[in-house]
Amino acid sequence: MNGEGYQLIFSDTPGIIPKPKYKLHEAMMRFVSEAIEDADVIFYMIDTKEDPHYAGQILQNILATEIPSYLIINKVDLYESQEEVEKMIKKWSELVPIDRIIPISAIKSFNIQSVFEAALQNLPESPPYFDEELYTDKTERFLAAEVIRGQIFNQYREEIPYASEVIITSFIEEDAIIRIAAEIFVEKQSQKGILIGKGGESMKKVGTSARIELEKQYGKKVFLEMFVKVRDNWRENPNMLKQFGFDA
């Protein structure tokens, strides 16, 4: 985000997993640690139903870094009154200084400006890191894979999304159309069956939704091919994790 006299670079990390179960989780948590070390400001976002004990331990570790840190509490629109919101904030203020708590509603765009202002207040003075025309340092292939993964999360229950990964094997941009081929990896044959669905119907839904999102993203027609493959226990396989871009 570029503005008059400032440039904000957002790094959206994976959710913090206190007790990683897989090598994948360990790699994700290393990414989180590196992002925290590089950050000028940290925003730890939870929703209103988060367990204070669980989140509190993470918050204490973040606050111990001495990097300016804030707790963002999302979904305050779910509360029926301001009194309930204030009660909830008071509960969290036992763990975090109250001036470091920012209640928001992302879906209602409530109090988002406070997050923006907190970021600006804590930015160090320096030249911009990126050209103002750039909006991300990620590749087109990465962004396309994320769109497909996003649709997998939207369409399926917990078992499939967290055991799936997407690789873009071909990305060809022509004047009027972009042709994309993707491979979706899962850990079990049963997961492949669920992902594809009876007669391929489930995969068609994912493909259609992903294609619509990709066309919005790129502003032109997209032809999308997807193939589902099984790689046993890939979340524990260092070679597969490196192939997927994780530091295993």
# chains A, B, ... in the order shown; residues from 1 in each chain; ligands from 1

$ residues_around --residues "A:Glu117" --least-positions-apart "6" --cutoff "12 Å" --atoms "only C-alpha atoms" --output "PyMOL selection string"
chain A and resi 6+8+41+70+102+111+123

$ write_last_selection --atoms "all heavy atoms" --output "compact mmCIF listing (two decimals), in the first residue's frame"
# COMPACT_ATOMS: atom_id res chain seq x y z
N TYR A 6 4.40 7.36 2.53
CA TYR A 6 4.51 6.06 3.21
C TYR A 6 4.35 4.91 2.23
O TYR A 6 3.78 5.05 1.15
CB TYR A 6 3.47 5.93 4.33
CG TYR A 6 2.04 5.77 3.84
CD1 TYR A 6 1.54 4.52 3.48
CD2 TYR A 6 1.20 6.87 3.76
CE1 TYR A 6 0.24 4.38 3.03
CE2 TYR A 6 -0.11 6.74 3.32
CZ TYR A 6 -0.59 5.49 2.95
OH TYR A 6 -1.87 5.36 2.50
N LEU A 8 3.39 0.73 2.97
CA LEU A 8 3.12 -0.38 3.90
C LEU A 8 3.28 -1.70 3.17
O LEU A 8 2.72 -1.89 2.08
CB LEU A 8 1.71 -0.29 4.47
CG LEU A 8 1.43 0.85 5.46
CD1 LEU A 8 -0.08 0.92 5.74
CD2 LEU A 8 2.17 0.61 6.76
N VAL A 41 5.98 -3.74 12.77
CA VAL A 41 4.76 -3.72 13.58
C VAL A 41 4.12 -5.11 13.47
O VAL A 41 4.12 -5.70 12.39
CB VAL A 41 3.74 -2.67 13.10
CG1 VAL A 41 2.62 -2.50 14.13
CG2 VAL A 41 4.39 -1.36 12.79
N TYR A 70 0.06 -5.29 18.43
CA TYR A 70 -1.35 -4.99 18.71
C TYR A 70 -2.18 -6.26 18.61
O TYR A 70 -1.89 -7.14 17.80
CB TYR A 70 -1.89 -3.96 17.72
CG TYR A 70 -1.26 -2.60 17.83
CD1 TYR A 70 -0.04 -2.33 17.19
CD2 TYR A 70 -1.86 -1.59 18.58
CE1 TYR A 70 0.55 -1.09 17.29
CE2 TYR A 70 -1.25 -0.34 18.67
CZ TYR A 70 -0.05 -0.09 18.03
OH TYR A 70 0.53 1.13 18.14
N ILE A 102 -7.33 -3.44 19.49
CA ILE A 102 -8.13 -2.76 18.47
C ILE A 102 -9.29 -3.67 18.07
O ILE A 102 -9.11 -4.69 17.40
CB ILE A 102 -7.30 -2.43 17.21
CG1 ILE A 102 -6.05 -1.64 17.59
CG2 ILE A 102 -8.14 -1.67 16.19
CD1 ILE A 102 -5.12 -1.35 16.42
N ASN A 111 -13.83 0.30 12.23
CA ASN A 111 -12.60 0.61 12.96
C ASN A 111 -11.33 0.15 12.23
O ASN A 111 -10.26 0.04 12.84
CB ASN A 111 -12.63 -0.02 14.37
CG ASN A 111 -11.82 0.82 15.37
OD1 ASN A 111 -11.65 2.02 15.19
ND2 ASN A 111 -11.32 0.17 16.41
N LEU A 123 5.89 3.01 11.76
CA LEU A 123 6.80 2.77 10.64
C LEU A 123 8.10 3.54 10.83
O LEU A 123 8.08 4.71 11.18
CB LEU A 123 6.16 3.21 9.32
CG LEU A 123 5.12 2.32 8.67
CD1 LEU A 123 4.75 2.90 7.31
CD2 LEU A 123 5.63 0.90 8.50

$ select_by_dssp --residues "stretch 62-226 of chain A" --states "strand (DSSP E or B)" --output "ChimeraX atom specification"
/A:69-74,101-103,105,110,165-173,177-186,221-226

$ residues_around --residues "stretch 136-152 of chain A" --least-positions-apart "3" --cutoff "10 Å" --atoms "only C-alpha atoms" --output "ChimeraX atom specification"
/A:1,9-10,130,133,155-157,160-162,164-171,180-184,195,202-203,205-214,217-218,226,245

$ atom_distance --atom1 "atom CA of A:Val32" --atom2 "atom CA of A:Gly15"
8.3 Å

$ atom_distance --atom1 "atom CA of A:Gln113" --atom2 "atom CA of A:Gly5"
17.2 Å

$ select_by_dssp --residues "stretch 30-202 of chain A" --states "alpha helix (DSSP H)" --output "PDB file with N, CA, C and O atoms, in the first residue's frame"
ATOM      1  N   ARG A  30       8.318 -21.817  11.218  1.00  0.00           N
ATOM      2  CA  ARG A  30       9.585 -21.134  10.951  1.00  0.00           C
ATOM      3  C   ARG A  30       9.338 -19.867  10.141  1.00  0.00           C
ATOM      4  O   ARG A  30       9.983 -18.833  10.356  1.00  0.00           O
ATOM      5  N   PHE A  31       8.392 -19.955   9.211  1.00  0.00           N
ATOM      6  CA  PHE A  31       8.034 -18.781   8.419  1.00  0.00           C
ATOM      7  C   PHE A  31       7.467 -17.683   9.322  1.00  0.00           C
ATOM      8  O   PHE A  31       7.800 -16.496   9.168  1.00  0.00           O
ATOM      9  N   VAL A  32       6.631 -18.072  10.274  1.00  0.00           N
ATOM     10  CA  VAL A  32       6.051 -17.095  11.203  1.00  0.00           C
ATOM     11  C   VAL A  32       7.159 -16.412  12.002  1.00  0.00           C
ATOM     12  O   VAL A  32       7.176 -15.182  12.153  1.00  0.00           O
ATOM     13  N   SER A  33       8.106 -17.214  12.519  1.00  0.00           N
ATOM     14  CA  SER A  33       9.210 -16.650  13.315  1.00  0.00           C
ATOM     15  C   SER A  33      10.028 -15.657  12.507  1.00  0.00           C
ATOM     16  O   SER A  33      10.389 -14.581  12.997  1.00  0.00           O
ATOM     17  N   GLU A  34      10.313 -16.012  11.249  1.00  0.00           N
ATOM     18  CA  GLU A  34      11.092 -15.121  10.391  1.00  0.00           C
ATOM     19  C   GLU A  34      10.322 -13.834  10.102  1.00  0.00           C
ATOM     20  O   GLU A  34      10.903 -12.739  10.080  1.00  0.00           O
ATOM     21  N   ALA A  35       9.003 -13.966   9.896  1.00  0.00           N
ATOM     22  CA  ALA A  35       8.181 -12.781   9.614  1.00  0.00           C
ATOM     23  C   ALA A  35       8.157 -11.841  10.815  1.00  0.00           C
ATOM     24  O   ALA A  35       8.221 -10.613  10.667  1.00  0.00           O
ATOM     25  N   ILE A  36       8.078 -12.412  12.020  1.00  0.00           N
ATOM     26  CA  ILE A  36       8.063 -11.595  13.233  1.00  0.00           C
ATOM     27  C   ILE A  36       9.390 -10.861  13.398  1.00  0.00           C
ATOM     28  O   ILE A  36       9.423  -9.670  13.735  1.00  0.00           O
ATOM     29  N   GLU A  37      10.492 -11.568  13.130  1.00  0.00           N
ATOM     30  CA  GLU A  37      11.814 -10.946  13.255  1.00  0.00           C
ATOM     31  C   GLU A  37      11.981  -9.776  12.288  1.00  0.00           C
ATOM     32  O   GLU A  37      12.643  -8.782  12.604  1.00  0.00           O
ATOM     33  N   ASP A  38      11.376  -9.884  11.107  1.00  0.00           N
ATOM     34  CA  ASP A  38      11.532  -8.845  10.081  1.00  0.00           C
ATOM     35  C   ASP A  38      10.540  -7.693  10.241  1.00  0.00           C
ATOM     36  O   ASP A  38      10.688  -6.665   9.581  1.00  0.00           O
ATOM     37  N   PRO A  52      -8.900 -17.173  25.550  1.00  0.00           N
ATOM     38  CA  PRO A  52      -7.875 -16.278  26.079  1.00  0.00           C
ATOM     39  C   PRO A  52      -6.622 -17.017  26.543  1.00  0.00           C
ATOM     40  O   PRO A  52      -5.513 -16.497  26.423  1.00  0.00           O
ATOM     41  N   HIS A  53      -6.778 -18.222  27.071  1.00  0.00           N
ATOM     42  CA  HIS A  53      -5.609 -18.968  27.550  1.00  0.00           C
ATOM     43  C   HIS A  53      -4.701 -19.338  26.384  1.00  0.00           C
ATOM     44  O   HIS A  53      -3.485 -19.139  26.437  1.00  0.00           O
ATOM     45  N   TYR A  54      -5.307 -19.852  25.337  1.00  0.00           N
ATOM     46  CA  TYR A  54      -4.547 -20.268  24.160  1.00  0.00           C
ATOM     47  C   TYR A  54      -3.889 -19.070  23.487  1.00  0.00           C
ATOM     48  O   TYR A  54      -2.686 -19.055  23.240  1.00  0.00           O
ATOM     49  N   ALA A  55      -4.678 -18.051  23.190  1.00  0.00           N
ATOM     50  CA  ALA A  55      -4.149 -16.875  22.493  1.00  0.00           C
ATOM     51  C   ALA A  55      -3.231 -16.067  23.397  1.00  0.00           C
ATOM     52  O   ALA A  55      -2.284 -15.441  22.927  1.00  0.00           O
ATOM     53  N   GLY A  56      -3.503 -16.110  24.716  1.00  0.00           N
ATOM     54  CA  GLY A  56      -2.710 -15.327  25.652  1.00  0.00           C
ATOM     55  C   GLY A  56      -1.246 -15.736  25.680  1.00  0.00           C
ATOM     56  O   GLY A  56      -0.348 -14.888  25.772  1.00  0.00           O
ATOM     57  N   GLN A  57      -0.993 -17.037  25.566  1.00  0.00           N
ATOM     58  CA  GLN A  57       0.388 -17.516  25.562  1.00  0.00           C
ATOM     59  C   GLN A  57       1.134 -16.979  24.331  1.00  0.00           C
ATOM     60  O   GLN A  57       2.291 -16.566  24.421  1.00  0.00           O
ATOM     61  N   ILE A  58       0.459 -17.009  23.189  1.00  0.00           N
ATOM     62  CA  ILE A  58       1.063 -16.496  21.960  1.00  0.00           C
ATOM     63  C   ILE A  58       1.315 -15.001  22.086  1.00  0.00           C
ATOM     64  O   ILE A  58       2.373 -14.490  21.708  1.00  0.00           O
ATOM     65  N   LEU A  59       0.338 -14.290  22.646  1.00  0.00           N
ATOM     66  CA  LEU A  59       0.469 -12.846  22.805  1.00  0.00           C
ATOM     67  C   LEU A  59       1.654 -12.478  23.688  1.00  0.00           C
ATOM     68  O   LEU A  59       2.398 -11.543  23.379  1.00  0.00           O
ATOM     69  N   GLN A  60       1.841 -13.220  24.763  1.00  0.00           N
ATOM     70  CA  GLN A  60       2.946 -12.919  25.659  1.00  0.00           C
ATOM     71  C   GLN A  60       4.285 -13.072  24.943  1.00  0.00           C
ATOM     72  O   GLN A  60       5.206 -12.275  25.137  1.00  0.00           O
ATOM     73  N   ASN A  61       4.389 -14.090  24.093  1.00  0.00           N
ATOM     74  CA  ASN A  61       5.622 -14.296  23.326  1.00  0.00           C
ATOM     75  C   ASN A  61       5.854 -13.156  22.337  1.00  0.00           C
ATOM     76  O   ASN A  61       6.985 -12.705  22.142  1.00  0.00           O
ATOM     77  N   ILE A  62       4.767 -12.703  21.705  1.00  0.00           N
ATOM     78  CA  ILE A  62       4.882 -11.600  20.742  1.00  0.00           C
ATOM     79  C   ILE A  62       5.272 -10.302  21.451  1.00  0.00           C
ATOM     80  O   ILE A  62       6.160  -9.569  21.012  1.00  0.00           O
ATOM     81  N   LEU A  63       4.632 -10.028  22.587  1.00  0.00           N
ATOM     82  CA  LEU A  63       4.921  -8.795  23.319  1.00  0.00           C
ATOM     83  C   LEU A  63       6.355  -8.783  23.839  1.00  0.00           C
ATOM     84  O   LEU A  63       6.972  -7.727  23.974  1.00  0.00           O
ATOM     85  N   GLN A  82     -22.818  -2.420  22.694  1.00  0.00           N
ATOM     86  CA  GLN A  82     -21.494  -1.854  22.971  1.00  0.00           C
ATOM     87  C   GLN A  82     -21.002  -2.310  24.334  1.00  0.00           C
ATOM     88  O   GLN A  82     -19.800  -2.506  24.537  1.00  0.00           O
ATOM     89  N   GLU A  83     -21.935  -2.494  25.263  1.00  0.00           N
ATOM     90  CA  GLU A  83     -21.564  -2.934  26.612  1.00  0.00           C
ATOM     91  C   GLU A  83     -20.877  -4.304  26.563  1.00  0.00           C
ATOM     92  O   GLU A  83     -19.882  -4.542  27.265  1.00  0.00           O
ATOM     93  N   GLU A  84     -21.395  -5.188  25.721  1.00  0.00           N
ATOM     94  CA  GLU A  84     -20.784  -6.511  25.587  1.00  0.00           C
ATOM     95  C   GLU A  84     -19.385  -6.416  24.986  1.00  0.00           C
ATOM     96  O   GLU A  84     -18.466  -7.140  25.378  1.00  0.00           O
ATOM     97  N   VAL A  85     -19.222  -5.511  24.016  1.00  0.00           N
ATOM     98  CA  VAL A  85     -17.906  -5.305  23.404  1.00  0.00           C
ATOM     99  C   VAL A  85     -16.919  -4.805  24.453  1.00  0.00           C
ATOM    100  O   VAL A  85     -15.781  -5.298  24.546  1.00  0.00           O
ATOM    101  N   GLU A  86     -17.328  -3.847  25.250  1.00  0.00           N
ATOM    102  CA  GLU A  86     -16.440  -3.283  26.267  1.00  0.00           C
ATOM    103  C   GLU A  86     -16.072  -4.324  27.318  1.00  0.00           C
ATOM    104  O   GLU A  86     -14.931  -4.355  27.803  1.00  0.00           O
ATOM    105  N   LYS A  87     -17.014  -5.195  27.656  1.00  0.00           N
ATOM    106  CA  LYS A  87     -16.746  -6.273  28.615  1.00  0.00           C
ATOM    107  C   LYS A  87     -15.694  -7.229  28.058  1.00  0.00           C
ATOM    108  O   LYS A  87     -14.797  -7.680  28.771  1.00  0.00           O
ATOM    109  N   MET A  88     -15.815  -7.535  26.774  1.00  0.00           N
ATOM    110  CA  MET A  88     -14.870  -8.432  26.124  1.00  0.00           C
ATOM    111  C   MET A  88     -13.473  -7.804  26.080  1.00  0.00           C
ATOM    112  O   MET A  88     -12.471  -8.465  26.357  1.00  0.00           O
ATOM    113  N   ILE A  89     -13.413  -6.506  25.762  1.00  0.00           N
ATOM    114  CA  ILE A  89     -12.124  -5.811  25.710  1.00  0.00           C
ATOM    115  C   ILE A  89     -11.483  -5.784  27.098  1.00  0.00           C
ATOM    116  O   ILE A  89     -10.264  -5.983  27.237  1.00  0.00           O
ATOM    117  N   LYS A  90     -12.285  -5.571  28.118  1.00  0.00           N
ATOM    118  CA  LYS A  90     -11.768  -5.559  29.490  1.00  0.00           C
ATOM    119  C   LYS A  90     -11.150  -6.900  29.848  1.00  0.00           C
ATOM    120  O   LYS A  90     -10.101  -6.965  30.506  1.00  0.00           O
ATOM    121  N   LYS A  91     -11.776  -7.980  29.403  1.00  0.00           N
ATOM    122  CA  LYS A  91     -11.250  -9.330  29.671  1.00  0.00           C
ATOM    123  C   LYS A  91      -9.865  -9.483  29.042  1.00  0.00           C
ATOM    124  O   LYS A  91      -8.926  -9.964  29.686  1.00  0.00           O
ATOM    125  N   TRP A  92      -9.724  -9.020  27.798  1.00  0.00           N
ATOM    126  CA  TRP A  92      -8.437  -9.146  27.107  1.00  0.00           C
ATOM    127  C   TRP A  92      -7.391  -8.194  27.657  1.00  0.00           C
ATOM    128  O   TRP A  92      -6.189  -8.460  27.557  1.00  0.00           O
ATOM    129  N   ILE A 112     -11.430  -0.107  10.931  1.00  0.00           N
ATOM    130  CA  ILE A 112     -10.247  -0.504  10.155  1.00  0.00           C
ATOM    131  C   ILE A 112      -9.225   0.631  10.129  1.00  0.00           C
ATOM    132  O   ILE A 112      -8.013   0.396  10.124  1.00  0.00           O
ATOM    133  N   GLN A 113      -9.705   1.852  10.143  1.00  0.00           N
ATOM    134  CA  GLN A 113      -8.805   3.008  10.106  1.00  0.00           C
ATOM    135  C   GLN A 113      -7.843   3.008  11.290  1.00  0.00           C
ATOM    136  O   GLN A 113      -6.697   3.448  11.170  1.00  0.00           O
ATOM    137  N   SER A 114      -8.289   2.502  12.430  1.00  0.00           N
ATOM    138  CA  SER A 114      -7.423   2.462  13.613  1.00  0.00           C
ATOM    139  C   SER A 114      -6.225   1.544  13.402  1.00  0.00           C
ATOM    140  O   SER A 114      -5.124   1.810  13.895  1.00  0.00           O
ATOM    141  N   VAL A 115      -6.443   0.448  12.676  1.00  0.00           N
ATOM    142  CA  VAL A 115      -5.345  -0.475  12.362  1.00  0.00           C
ATOM    143  C   VAL A 115      -4.338   0.230  11.451  1.00  0.00           C
ATOM    144  O   VAL A 115      -3.128   0.167  11.670  1.00  0.00           O
ATOM    145  N   PHE A 116      -4.872   0.892  10.445  1.00  0.00           N
ATOM    146  CA  PHE A 116      -4.031   1.626   9.497  1.00  0.00           C
ATOM    147  C   PHE A 116      -3.196   2.685  10.217  1.00  0.00           C
ATOM    148  O   PHE A 116      -1.983   2.812  10.004  1.00  0.00           O
ATOM    149  N   GLU A 117      -3.832   3.436  11.109  1.00  0.00           N
ATOM    150  CA  GLU A 117      -3.128   4.502  11.827  1.00  0.00           C
ATOM    151  C   GLU A 117      -2.059   3.935  12.764  1.00  0.00           C
ATOM    152  O   GLU A 117      -0.970   4.510  12.899  1.00  0.00           O
ATOM    153  N   ALA A 118      -2.356   2.796  13.397  1.00  0.00           N
ATOM    154  CA  ALA A 118      -1.362   2.161  14.279  1.00  0.00           C
ATOM    155  C   ALA A 118      -0.137   1.724  13.483  1.00  0.00           C
ATOM    156  O   ALA A 118       0.997   1.844  13.954  1.00  0.00           O
ATOM    157  N   ALA A 119      -0.368   1.237  12.260  1.00  0.00           N
ATOM    158  CA  ALA A 119       0.753   0.837  11.408  1.00  0.00           C
ATOM    159  C   ALA A 119       1.606   2.044  11.044  1.00  0.00           C
ATOM    160  O   ALA A 119       2.834   2.015  11.173  1.00  0.00           O
ATOM    161  N   LEU A 120       0.956   3.123  10.622  1.00  0.00           N
ATOM    162  CA  LEU A 120       1.694   4.327  10.208  1.00  0.00           C
ATOM    163  C   LEU A 120       2.492   4.932  11.363  1.00  0.00           C
ATOM    164  O   LEU A 120       3.625   5.386  11.174  1.00  0.00           O
ATOM    165  N   GLN A 121       1.921   4.916  12.558  1.00  0.00           N
ATOM    166  CA  GLN A 121       2.588   5.512  13.722  1.00  0.00           C
ATOM    167  C   GLN A 121       3.906   4.816  14.041  1.00  0.00           C
ATOM    168  O   GLN A 121       4.808   5.410  14.631  1.00  0.00           O
ATOM    169  N   GLU A 140       2.896 -14.824 -10.507  1.00  0.00           N
ATOM    170  CA  GLU A 140       1.553 -15.101 -11.024  1.00  0.00           C
ATOM    171  C   GLU A 140       1.151 -16.545 -10.714  1.00  0.00           C
ATOM    172  O   GLU A 140      -0.009 -16.828 -10.404  1.00  0.00           O
ATOM    173  N   ARG A 141       2.114 -17.462 -10.791  1.00  0.00           N
ATOM    174  CA  ARG A 141       1.818 -18.869 -10.503  1.00  0.00           C
ATOM    175  C   ARG A 141       1.414 -19.052  -9.034  1.00  0.00           C
ATOM    176  O   ARG A 141       0.480 -19.788  -8.737  1.00  0.00           O
ATOM    177  N   PHE A 142       2.134 -18.381  -8.144  1.00  0.00           N
ATOM    178  CA  PHE A 142       1.797 -18.472  -6.722  1.00  0.00           C
ATOM    179  C   PHE A 142       0.380 -17.968  -6.477  1.00  0.00           C
ATOM    180  O   PHE A 142      -0.415 -18.605  -5.772  1.00  0.00           O
ATOM    181  N   LEU A 143       0.049 -16.809  -7.052  1.00  0.00           N
ATOM    182  CA  LEU A 143      -1.275 -16.220  -6.843  1.00  0.00           C
ATOM    183  C   LEU A 143      -2.375 -17.120  -7.406  1.00  0.00           C
ATOM    184  O   LEU A 143      -3.439 -17.270  -6.799  1.00  0.00           O
ATOM    185  N   ALA A 144      -2.129 -17.739  -8.570  1.00  0.00           N
ATOM    186  CA  ALA A 144      -3.120 -18.641  -9.161  1.00  0.00           C
ATOM    187  C   ALA A 144      -3.326 -19.862  -8.275  1.00  0.00           C
ATOM    188  O   ALA A 144      -4.462 -20.307  -8.052  1.00  0.00           O
ATOM    189  N   ALA A 145      -2.222 -20.413  -7.741  1.00  0.00           N
ATOM    190  CA  ALA A 145      -2.327 -21.577  -6.847  1.00  0.00           C
ATOM    191  C   ALA A 145      -3.126 -21.228  -5.599  1.00  0.00           C
ATOM    192  O   ALA A 145      -3.937 -22.029  -5.118  1.00  0.00           O
ATOM    193  N   GLU A 146      -2.923 -20.021  -5.074  1.00  0.00           N
ATOM    194  CA  GLU A 146      -3.649 -19.605  -3.880  1.00  0.00           C
ATOM    195  C   GLU A 146      -5.148 -19.468  -4.142  1.00  0.00           C
ATOM    196  O   GLU A 146      -5.974 -19.772  -3.276  1.00  0.00           O
ATOM    197  N   VAL A 147      -5.511 -19.006  -5.332  1.00  0.00           N
ATOM    198  CA  VAL A 147      -6.930 -18.906  -5.682  1.00  0.00           C
ATOM    199  C   VAL A 147      -7.565 -20.293  -5.681  1.00  0.00           C
ATOM    200  O   VAL A 147      -8.659 -20.501  -5.141  1.00  0.00           O
ATOM    201  N   ILE A 148      -6.885 -21.269  -6.275  1.00  0.00           N
ATOM    202  CA  ILE A 148      -7.417 -22.641  -6.324  1.00  0.00           C
ATOM    203  C   ILE A 148      -7.519 -23.223  -4.913  1.00  0.00           C
ATOM    204  O   ILE A 148      -8.541 -23.818  -4.548  1.00  0.00           O
ATOM    205  N   ARG A 149      -6.464 -23.026  -4.104  1.00  0.00           N
ATOM    206  CA  ARG A 149      -6.511 -23.519  -2.721  1.00  0.00           C
ATOM    207  C   ARG A 149      -7.653 -22.869  -1.952  1.00  0.00           C
ATOM    208  O   ARG A 149      -8.323 -23.509  -1.145  1.00  0.00           O
ATOM    209  N   GLY A 150      -7.868 -21.587  -2.211  1.00  0.00           N
ATOM    210  CA  GLY A 150      -8.958 -20.887  -1.533  1.00  0.00           C
ATOM    211  C   GLY A 150     -10.307 -21.513  -1.834  1.00  0.00           C
ATOM    212  O   GLY A 150     -11.162 -21.658  -0.949  1.00  0.00           O
ATOM    213  N   GLN A 151     -10.512 -21.920  -3.086  1.00  0.00           N
ATOM    214  CA  GLN A 151     -11.775 -22.548  -3.460  1.00  0.00           C
ATOM    215  C   GLN A 151     -11.905 -23.944  -2.861  1.00  0.00           C
ATOM    216  O   GLN A 151     -13.008 -24.388  -2.541  1.00  0.00           O
ATOM    217  N   ILE A 152     -10.780 -24.641  -2.689  1.00  0.00           N
ATOM    218  CA  ILE A 152     -10.819 -25.945  -2.009  1.00  0.00           C
ATOM    219  C   ILE A 152     -11.260 -25.755  -0.558  1.00  0.00           C
ATOM    220  O   ILE A 152     -12.085 -26.510  -0.038  1.00  0.00           O
ATOM    221  N   PHE A 153     -10.748 -24.711   0.095  1.00  0.00           N
ATOM    222  CA  PHE A 153     -11.175 -24.422   1.470  1.00  0.00           C
ATOM    223  C   PHE A 153     -12.658 -24.077   1.521  1.00  0.00           C
ATOM    224  O   PHE A 153     -13.364 -24.442   2.461  1.00  0.00           O
ATOM    225  N   ASN A 154     -13.144 -23.358   0.518  1.00  0.00           N
ATOM    226  CA  ASN A 154     -14.556 -22.967   0.508  1.00  0.00           C
ATOM    227  C   ASN A 154     -15.487 -24.154   0.287  1.00  0.00           C
ATOM    228  O   ASN A 154     -16.611 -24.174   0.804  1.00  0.00           O
ATOM    229  N   GLN A 155     -15.038 -25.140  -0.487  1.00  0.00           N
ATOM    230  CA  GLN A 155     -15.928 -26.215  -0.928  1.00  0.00           C
ATOM    231  C   GLN A 155     -15.941 -27.441  -0.017  1.00  0.00           C
ATOM    232  O   GLN A 155     -16.906 -28.192  -0.017  1.00  0.00           O
ATOM    233  N   GLN A 189      -5.890 -41.817  -1.113  1.00  0.00           N
ATOM    234  CA  GLN A 189      -6.758 -42.102  -2.244  1.00  0.00           C
ATOM    235  C   GLN A 189      -8.196 -41.697  -1.928  1.00  0.00           C
ATOM    236  O   GLN A 189      -8.919 -41.198  -2.793  1.00  0.00           O
ATOM    237  N   SER A 190      -8.600 -41.895  -0.668  1.00  0.00           N
ATOM    238  CA  SER A 190      -9.966 -41.526  -0.270  1.00  0.00           C
ATOM    239  C   SER A 190     -10.184 -40.023  -0.389  1.00  0.00           C
ATOM    240  O   SER A 190     -11.266 -39.562  -0.760  1.00  0.00           O
ATOM    241  N   GLN A 191      -9.138 -39.231  -0.080  1.00  0.00           N
ATOM    242  CA  GLN A 191      -9.242 -37.774  -0.210  1.00  0.00           C
ATOM    243  C   GLN A 191      -9.378 -37.374  -1.673  1.00  0.00           C
ATOM    244  O   GLN A 191     -10.123 -36.454  -2.004  1.00  0.00           O
ATOM    245  N   LYS A 192      -8.679 -38.091  -2.541  1.00  0.00           N
ATOM    246  CA  LYS A 192      -8.787 -37.820  -3.975  1.00  0.00           C
ATOM    247  C   LYS A 192     -10.226 -38.053  -4.434  1.00  0.00           C
ATOM    248  O   LYS A 192     -10.783 -37.253  -5.197  1.00  0.00           O
ATOM    249  N   GLY A 193     -10.842 -39.141  -3.949  1.00  0.00           N
ATOM    250  CA  GLY A 193     -12.222 -39.436  -4.323  1.00  0.00           C
ATOM    251  C   GLY A 193     -13.179 -38.360  -3.863  1.00  0.00           C
ATOM    252  O   GLY A 193     -14.088 -37.952  -4.601  1.00  0.00           O
ATOM    253  N   ILE A 194     -12.979 -37.872  -2.642  1.00  0.00           N
ATOM    254  CA  ILE A 194     -13.837 -36.812  -2.110  1.00  0.00           C
ATOM    255  C   ILE A 194     -13.645 -35.527  -2.910  1.00  0.00           C
ATOM    256  O   ILE A 194     -14.610 -34.833  -3.253  1.00  0.00           O
ATOM    257  N   LEU A 195     -12.397 -35.219  -3.212  1.00  0.00           N
ATOM    258  CA  LEU A 195     -12.076 -33.982  -3.927  1.00  0.00           C
ATOM    259  C   LEU A 195     -12.701 -33.966  -5.319  1.00  0.00           C
ATOM    260  O   LEU A 195     -13.258 -32.955  -5.753  1.00  0.00           O
ATOM    261  N   ILE A 196     -12.617 -35.109  -6.009  1.00  0.00           N
ATOM    262  CA  ILE A 196     -13.177 -35.190  -7.365  1.00  0.00           C
ATOM    263  C   ILE A 196     -14.697 -35.255  -7.322  1.00  0.00           C
ATOM    264  O   ILE A 196     -15.386 -34.583  -8.090  1.00  0.00           O
ATOM    265  N   GLU A 201     -18.224 -34.009 -10.183  1.00  0.00           N
ATOM    266  CA  GLU A 201     -19.035 -32.815  -9.921  1.00  0.00           C
ATOM    267  C   GLU A 201     -18.365 -31.860  -8.931  1.00  0.00           C
ATOM    268  O   GLU A 201     -18.403 -30.632  -9.105  1.00  0.00           O
ATOM    269  N   SER A 202     -17.765 -32.426  -7.869  1.00  0.00           N
ATOM    270  CA  SER A 202     -17.146 -31.553  -6.861  1.00  0.00           C
ATOM    271  C   SER A 202     -15.984 -30.766  -7.459  1.00  0.00           C
ATOM    272  O   SER A 202     -15.824 -29.570  -7.202  1.00  0.00           O
TER     273      SER A 202
END

$ atom_distance --atom1 "atom CA of A:Ala163" --atom2 "atom CA of A:Val186"
5.6 Å

$ residues_around --residues "A:Pro238" --least-positions-apart "3" --cutoff "10 Å" --atoms "only C-alpha atoms" --output "PyMOL selection string"
chain A and resi 23-24+27+234-235+241-244+246-248

$ closest_residue --among "A:Ser105, A:Thr13, A:Asn233, A:Asn239" --to "A:Asp77" --atoms "only C-alpha atoms"
A:Ser105

$ closest_residue --among "A:Thr48, A:Asn237, A:Thr65, A:Gln7" --to "A:Leu78" --atoms "only C-alpha atoms"
A:Thr48

$ closest_residue --among "A:Leu224, A:Leu95, A:Ala176, A:Val230" --to "A:Lys188" --atoms "only C-alpha atoms"
A:Val230
